[in-house]
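Okay, structure first, notes after.
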Amino acid sequence: MAILDIVYYGNPKLEQVSEPVTEVTPEIRKLVKDMFETMYYTNGVGLSAPQIGVNKRILVIDTSGGNDRTKQVTLINPVVVDQNGEQKGQEGCLSFPGLFADVVRSNNVKVRGLDLEGKQVEMEGSELLARALLHEIDHLDGILFIQRMKKADRESIIKKWKKQGVKKEKEDKDKVLV
Ligand SMILES: [Zn+2]
């Protein structure tokens with residue numbers, strides 16, 4: 001397994017629409033394993049393939065942060081089939097280290113995609129899991145969390161980003177990083 005390099009805001013790969021995976025090959029399964037390792041290493045609870053510079057429609061999530069491996073979610077070619085309710089909370093992104101803002105998301109989502117065997121699966125998630133699913137699926141469409149927050153917060157984050165650049169240290173475990 002390998003820890004992969006995170007791609008940061010400013011890299012055009014983050015703003016591209018990623019390509020569907022046509023076949024779940026051993027290479028894809030290896031990539032998913034590395035994505036989990038990278039996500040745990042950086043204290044994230046979710047990671048999408050474009051964030052490690054691969055424009056393929058793959059996401060991984062673990063809302064337990066690695067404490068409970070039964071919480072591991074892998075979805076390939078995910079789509080949102082239903083969403084409702086509303087949650088507001090602080091959100092961060094591994095591609096914007098150290099920067100957080102309130103983002104309003106649906107509180108409940110139903111998503112569909114392929115699992116690691118290439119079988120179609122459907123799952124539902126609420127609260128943090130719903131937030132992470134929506135954040136990562138946005139990444140696959142080249143949409144960043146700054147596009148989902150209030151204009152003032154977006155401007156403030158971009159300003160801070162330009163000032164501080166990339167902070168390489170590990171993130172605070174208590175914050176939601178996806
Ligand atoms: Zn993100």
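Here, A, B, ... name the chains of the structure tokens in the order displayed, residue numbers run from 1 inside each chain, and ligands are numbered from 1 in the same displayed order.
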
Query - At most 10 Å from ligand 1 (only C-alpha atoms and all ligand atoms): residue list as a PyMOL selection string - result: chain A and resi 8-9+14+44-48+50-51+91-97+132+134-139+143-146+177-178

Query raised in the report: Quick one: residues within 8 Å of range 111-125 of chain A, only C-alpha atoms counted, chain neighbours fewer than 2 positions away excluded, as a list in words?
Result: Glu23, Val24, Arg29, Thr74, Leu75, Ile76, Asn77, Pro78, Val79, Val80, Val81, Asp82, Asn108, Val109, Glu127, Leu129, Ala130 and Leu133 of chain A

Atoms to include: N, CA and C atoms. Write the selected residues as a compact mmCIF listing (two decimals), in the first residue's frame.
```txt
# COMPACT_ATOMS: atom_id res chain seq x y z
N GLU A 23 -14.36 -0.79 -16.02
CA GLU A 23 -14.23 -2.14 -15.47
C GLU A 23 -13.48 -2.06 -14.15
N VAL A 24 -13.96 -2.78 -13.13
CA VAL A 24 -13.28 -2.77 -11.83
C VAL A 24 -12.16 -3.81 -11.87
N ARG A 29 -8.77 -1.77 -7.71
CA ARG A 29 -8.83 -2.21 -6.31
C ARG A 29 -7.59 -1.76 -5.54
N THR A 74 -16.80 2.17 -0.26
CA THR A 74 -16.15 2.41 -1.56
C THR A 74 -17.25 2.47 -2.59
N LEU A 75 -17.28 3.52 -3.39
CA LEU A 75 -18.27 3.59 -4.46
C LEU A 75 -17.58 4.01 -5.75
N ILE A 76 -17.89 3.26 -6.80
CA ILE A 76 -17.35 3.51 -8.12
C ILE A 76 -18.52 3.96 -9.00
N ASN A 77 -18.32 5.00 -9.76
CA ASN A 77 -19.36 5.60 -10.60
C ASN A 77 -20.62 5.94 -9.79
N PRO A 78 -20.48 6.58 -8.63
CA PRO A 78 -21.66 6.83 -7.78
C PRO A 78 -22.58 7.91 -8.36
N VAL A 79 -23.86 7.71 -8.13
CA VAL A 79 -24.85 8.75 -8.46
C VAL A 79 -25.79 8.92 -7.27
N VAL A 80 -26.27 10.15 -7.09
CA VAL A 80 -27.27 10.43 -6.06
C VAL A 80 -28.63 10.12 -6.66
N VAL A 81 -29.38 9.23 -6.01
CA VAL A 81 -30.71 8.92 -6.55
C VAL A 81 -31.82 9.61 -5.75
N ASP A 82 -31.52 10.01 -4.53
CA ASP A 82 -32.52 10.74 -3.74
C ASP A 82 -31.81 11.51 -2.64
N ASN A 108 -30.08 13.63 4.34
CA ASN A 108 -30.23 12.21 4.00
C ASN A 108 -30.03 12.04 2.49
N VAL A 109 -29.26 11.05 2.13
CA VAL A 109 -29.08 10.77 0.69
C VAL A 109 -29.19 9.27 0.43
N GLU A 127 -26.58 12.60 7.92
CA GLU A 127 -25.64 13.45 8.66
C GLU A 127 -24.24 13.39 8.05
N LEU A 129 -22.26 11.02 7.07
CA LEU A 129 -22.10 10.17 5.89
C LEU A 129 -22.72 10.83 4.66
N ALA A 130 -23.89 11.45 4.84
CA ALA A 130 -24.54 12.15 3.72
C ALA A 130 -23.66 13.31 3.26
N LEU A 133 -20.66 11.87 1.34
CA LEU A 133 -21.05 11.35 0.02
C LEU A 133 -21.27 12.49 -0.96
```

Query raised in the report: Mind pulling up the distance from CA of Lys56 in chain A to CA of Gly142 in chain A?
Result: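 Rounded to one decimal, the two atoms are 11.1 Å apart.
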
Query - Pick from A:Val166, A:Ile28, A:Ala152, A:Ile61 nearest to Tyr40 in chain A, counting only C-alpha atoms - result: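 Among the listed residues, the smallest separation from Tyr40 in chain A belongs to A:Ile61.
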
Query raised in the report: Using the chain letters and numbers from this document, which residues of range 10-124 of chain A does DSSP assign to alpha helix (DSSP H), as a PyMOL selection string?
Result: chain A and resi 26-41
